[in-house]
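Structure first, then comments.
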Amino acid sequence: MHRKRILLIVGGGIAAYKSLDLVRRLKERGARVRAILTKAGAEFVTPLSLSVLCEEKAFTDLFDLKDEAEIGHIRLSRDADLVVVAPATADLLAKMAHGLAGDLATAVLLATDKPVLVAPAMNVRMWEHAATKRNVVRLKEDGIYFVGPGEGEMACGEYGPGRMAEPAEIVEAVAGLLVGGAENLRVLSRTALGPSLRGKRVIVTSGPTHEPVDPVRYLANRSSGKQGHALARAAATLGAEVTLVTGPVSLEDPAGVSVVKVETAEQMLAAALAALPADIAICAAAVADWRAAEEAGQKIKKRESGTTLKLARNPDILATLSALGANRPQLVIGFAAETENVVANAVAKRTAKGADWIVANDVRPETGIMGGDRTKVQLVTASGVEDWPAMSKDEMAERLLSRASEAILKLRPAAE
Ligand code: C5P
């Protein structure tokens with residue numbers, strides 16, 4: 001993030017003290033930080049401490065004619081490459097969602113044409129209130145990026161989601177919005193999350209499959225379904241009509257998604273085909289490659305010597321959807337979980353399966369990706385390979401879906 005200009009808006013919450021650490025960490029990574037402190041924010045940290053750390057005057061909400069004449073809120077909002085709101089209080093999120101602009105911070109947020117990243121921080125009840133939920137959905141549709149909140153003990157003594165993401169995590173999220181190599185660093189366009197998927201149909205496969213061997217045994221794998229379910233959730237958040245075809249997992253059904261539960265690869269394929277037509281298909285399931293050639297009618301008995309299990313190949317759902325012709329979704333996305341030569345295998349898989357994009361990840365046990373909450377992927381498209389920073393599976397899902405929505409708008413503009 002060398003020389004990138006970050007405008008940090010500090011809202012009024014106890015987490016504001018962490019924003020001082022955030023400034024320090026962003027500056028350590030080479031960013032230039034300018035700060036705006038809301039009136040409530042100034043109850044928690046002082047303009048002086050922020051200006052010292054930023055090495056520049058911190059702007060406050062006090063209507064200062066001199067500031068306005070020298071720089072103005074419009075320029076303040078446009079001079080930045082990225083606007084970060086941390087902490088973003090329930091009040092600030094509500095004002096942003098409704099386009100209010102009664103003070104400097106909200107006026108800047110309404111005037112900016114730059115990407116905005118918010119780090120919510122509030123009491124768990126406020127975070128879970130229907131009004132905040134509505135505002136968050138609206139802001140995501142508007143293309144606002146979110147980092148956190150995390151879950152844990154809160155300053156008010158309660159426990160749950162609402163804690164502001166740690167400064168290191170916010171810095172990672174900022175880095176995640178900066179794409180391209182050192183030579184050509186740019187910030188993702190504001191529209192990257194922008195175009196909503198309202199009216200679009202999305203099919204997601206998720207989880208493992210269970211292939212019966214006999215009435216009590218099955219072949220399976222370690223997939224948790226976390227990534228697939230996160231993708232379905234993200235697509236629904238962007239307004240899509242989502243069918244999630246899932247193998248056996250111990251996850252809750254995502255809200256607002258129609259969930260089809262299956263066991264085997266053959267059932268998964270049938271359910272995916274039954275969910276057509278779709279604009280986007282994302283095959284995130286870890287489908288078993290083989291099934292028992294014949295399912296034994298009775299439990300197979302132990303034998304003295306080893307017994308041999310005959311296997312048959314399962315259908316490939318990704319390849320089948322990619323080869324559909326007229327009924328093919330506009331954008332077909334597959335995953336490549338690899339333990340070696342990750343990118344080379346993913347590039348080859350894209351062509352072999354006829355998919356548009358492949359999301360590659362390294363699932364060696366030491367990466368903790370399989371079954372974990374975080375991931376680190378490369379996106380392989382026809383135009384090359386993008387290395388994405390480490391992030392949560394939810395964030396990866398949101399980012400992938402926003403890219404997908406952008407892509408399908410380009411593929412079939414306006415006419416609809
Ligand atoms: O060939 P491999 O299993 O590594 O390919 C992974 C990709 O293909 C994933 O997107 C997975 O969901 C999909 N796949 C599938 N049906 C199969 C095997 C894999 O859809 N039978």
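So you can find residues: chains in the structure tokens are A, B, ... in the order shown, residues in each start at 1, and ligands are numbered from 1 in order.
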
Protein and nucleic acid residues within 9 Å of ligand 1 (only C-alpha atoms and all ligand atoms) as a ChimeraX atom specification:
/A:205-207,265-266,268-269,282-290,313-321,333-338,345-346,349,353,355,358-359

Within 12 Å of His98 in chain A using only C-alpha atoms, minus same-chain residues under 6 positions, as a list in words:
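Once the nearby chain positions are removed, what remains is Asp91, Leu92, Thr106, Ala107, Leu109, Leu110, Ala131, Thr132, Arg134, Asn135, Val136, Arg138, Leu139 and Asp142 of chain A.
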
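The residue set within 10 Å of Met122 in chain A, counting only C-alpha atoms and dropping same-chain residues fewer than 3 places from it, reads Gly12, Gly13, Ile14, Ala15, Pro87, Ala88, Thr89, Ala90, Asp91, Arg125, Met126, Trp127, Glu128, Pro149, Met154, Ala155, Cys156, Pro161, Gly162, Arg163 and Met164 of chain A.
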
Atoms kept (C-alpha atoms) for selection, written as a PDB file, in the first residue's frame:
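Wrote it out as selection12.pdb, contents follow:
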ATOM      1  CA  GLY A  12     -17.682   7.547  18.464  1.00  0.00           C
ATOM      2  CA  GLY A  13     -17.175   4.220  20.155  1.00  0.00           C
ATOM      3  CA  ILE A  14     -14.907   2.763  22.768  1.00  0.00           C
ATOM      4  CA  ALA A  15     -13.038   0.990  19.938  1.00  0.00           C
ATOM      5  CA  PRO A  87     -15.000   2.321  14.323  1.00  0.00           C
ATOM      6  CA  ALA A  88     -18.223   2.460  12.328  1.00  0.00           C
ATOM      7  CA  THR A  89     -20.968   2.868  14.914  1.00  0.00           C
ATOM      8  CA  ALA A  90     -24.596   1.801  14.464  1.00  0.00           C
ATOM      9  CA  ASP A  91     -25.424   5.499  14.111  1.00  0.00           C
ATOM     10  CA  ARG A 125     -27.868  -6.147  20.621  1.00  0.00           C
ATOM     11  CA  MET A 126     -27.367  -3.123  18.397  1.00  0.00           C
ATOM     12  CA  TRP A 127     -25.517  -5.260  15.813  1.00  0.00           C
ATOM     13  CA  GLU A 128     -28.307  -7.844  15.860  1.00  0.00           C
ATOM     14  CA  PRO A 149     -17.176  -7.268  13.446  1.00  0.00           C
ATOM     15  CA  MET A 154     -17.279  -6.361  24.850  1.00  0.00           C
ATOM     16  CA  ALA A 155     -16.437  -3.255  26.791  1.00  0.00           C
ATOM     17  CA  CYS A 156     -20.043  -3.169  28.015  1.00  0.00           C
ATOM     18  CA  PRO A 161     -20.614 -10.218  17.630  1.00  0.00           C
ATOM     19  CA  GLY A 162     -20.022  -6.467  17.555  1.00  0.00           C
ATOM     20  CA  ARG A 163     -16.369  -6.085  18.495  1.00  0.00           C
ATOM     21  CA  MET A 164     -14.434  -4.017  15.999  1.00  0.00           C
TER      22      MET A 164
END

Write out as a VMD selection string all residues of range 135-181 of chain A that backbone DSSP assigns to strand (DSSP E or B).
chain A and resid 145 to 146 150 to 153 159 to 163 178 to 179

Output of the above residues as a tab-separated table (two decimals), in the first residue's frame, restricted to N, CA and C atoms:
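The resulting file, out38.tsv, is shown below:
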chain	number	residue	atom	x	y	z
A	145	TYR	N	-17.61	-2.01	1.50
A	145	TYR	CA	-16.91	-3.20	1.97
A	145	TYR	C	-16.94	-3.26	3.50
A	146	PHE	N	-17.04	-4.47	4.02
A	146	PHE	CA	-17.08	-4.65	5.48
A	146	PHE	C	-15.89	-5.47	5.95
A	150	GLY	N	-15.98	-8.75	14.91
A	150	GLY	CA	-15.62	-10.03	15.49
A	150	GLY	C	-16.53	-10.34	16.66
A	151	GLU	N	-16.30	-11.49	17.22
A	151	GLU	CA	-17.13	-11.93	18.33
A	151	GLU	C	-16.27	-11.96	19.57
A	152	GLY	N	-16.81	-11.62	20.72
A	152	GLY	CA	-16.01	-11.72	21.93
A	152	GLY	C	-16.57	-10.88	23.05
A	153	GLU	N	-15.79	-10.76	24.09
A	153	GLU	CA	-16.16	-9.97	25.26
A	153	GLU	C	-16.19	-8.51	24.82
A	159	TYR	N	-21.36	-10.37	25.63
A	159	TYR	CA	-20.55	-11.22	24.77
A	159	TYR	C	-21.29	-11.44	23.46
A	160	GLY	N	-20.57	-11.42	22.34
A	160	GLY	CA	-21.21	-11.71	21.06
A	160	GLY	C	-20.56	-10.93	19.95
A	161	PRO	N	-21.19	-10.96	18.75
A	161	PRO	CA	-20.61	-10.22	17.63
A	161	PRO	C	-20.84	-8.73	17.82
A	162	GLY	N	-19.90	-7.91	17.43
A	162	GLY	CA	-20.02	-6.47	17.56
A	162	GLY	C	-18.68	-5.81	17.85
A	163	ARG	N	-17.71	-6.64	18.23
A	163	ARG	CA	-16.37	-6.08	18.49
A	163	ARG	C	-15.72	-5.63	17.20
A	178	LEU	N	-6.40	-3.43	-2.35
A	178	LEU	CA	-5.37	-2.90	-3.25
A	178	LEU	C	-4.92	-4.06	-4.11
A	179	VAL	N	-5.18	-3.98	-5.38
A	179	VAL	CA	-4.84	-5.11	-6.24
A	179	VAL	C	-3.76	-4.73	-7.24

Apply DSSP to the backbone of this structure and, from range 117-286 of chain A, keep only the residues in helix (DSSP H, G or I); write these as a PyMOL selection string.
chain A and resi 124-128+130-141+167-177+182-184+190-192+226-237+265-274

Using only C-alpha atoms, which of A:Ala271, A:Val245, A:Ala173, A:Leu104 sits nearest Leu117 in chain A?
A:Ala173

Exercise: Arg25 in chain A partners within 9 Å, only C-alpha atoms, chain neighbours under 5 positions left out, as a VMD selection string:
chain A and resid 20 30 to 31 167 to 168 171

Quick one: of A:Ile36, A:Val124, A:Met391, A:Ala275, who's nearest to Leu7 in chain A, counting only C-alpha atoms?
A:Ile36

Between A:Leu26, A:Ile6, A:Val260, A:Leu309, which is the closest to Ser77 in chain A once you count only C-alpha atoms?
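Closest to Ser77 in chain A, using only C-alpha atoms: A:Ile6.
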
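Ranking A:Thr209, A:Gln330, A:Ser19, A:Gln267 by their shortest atom-to-atom distance to Pro248 in chain A, with only C-alpha atoms included, puts A:Thr209 first.
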
Counting only C-alpha atoms, the residue of A:Val23, A:Val83, A:Leu53, A:Asp103 that sits nearest Lys39 in chain A
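Under the stated criterion, the closest residue is A:Asp103.
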
Hey, what's within 10 Å of Gly371 in chain A if we count only C-alpha atoms and toss same-chain stuff fewer than 4 positions away? As a list in words, please?
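So, after excluding close chain neighbours, the residues are Arg222, Ser223, Ser224, Gly225, Lys226, Gln227, Val363, Pro365 and Thr375 of chain A.
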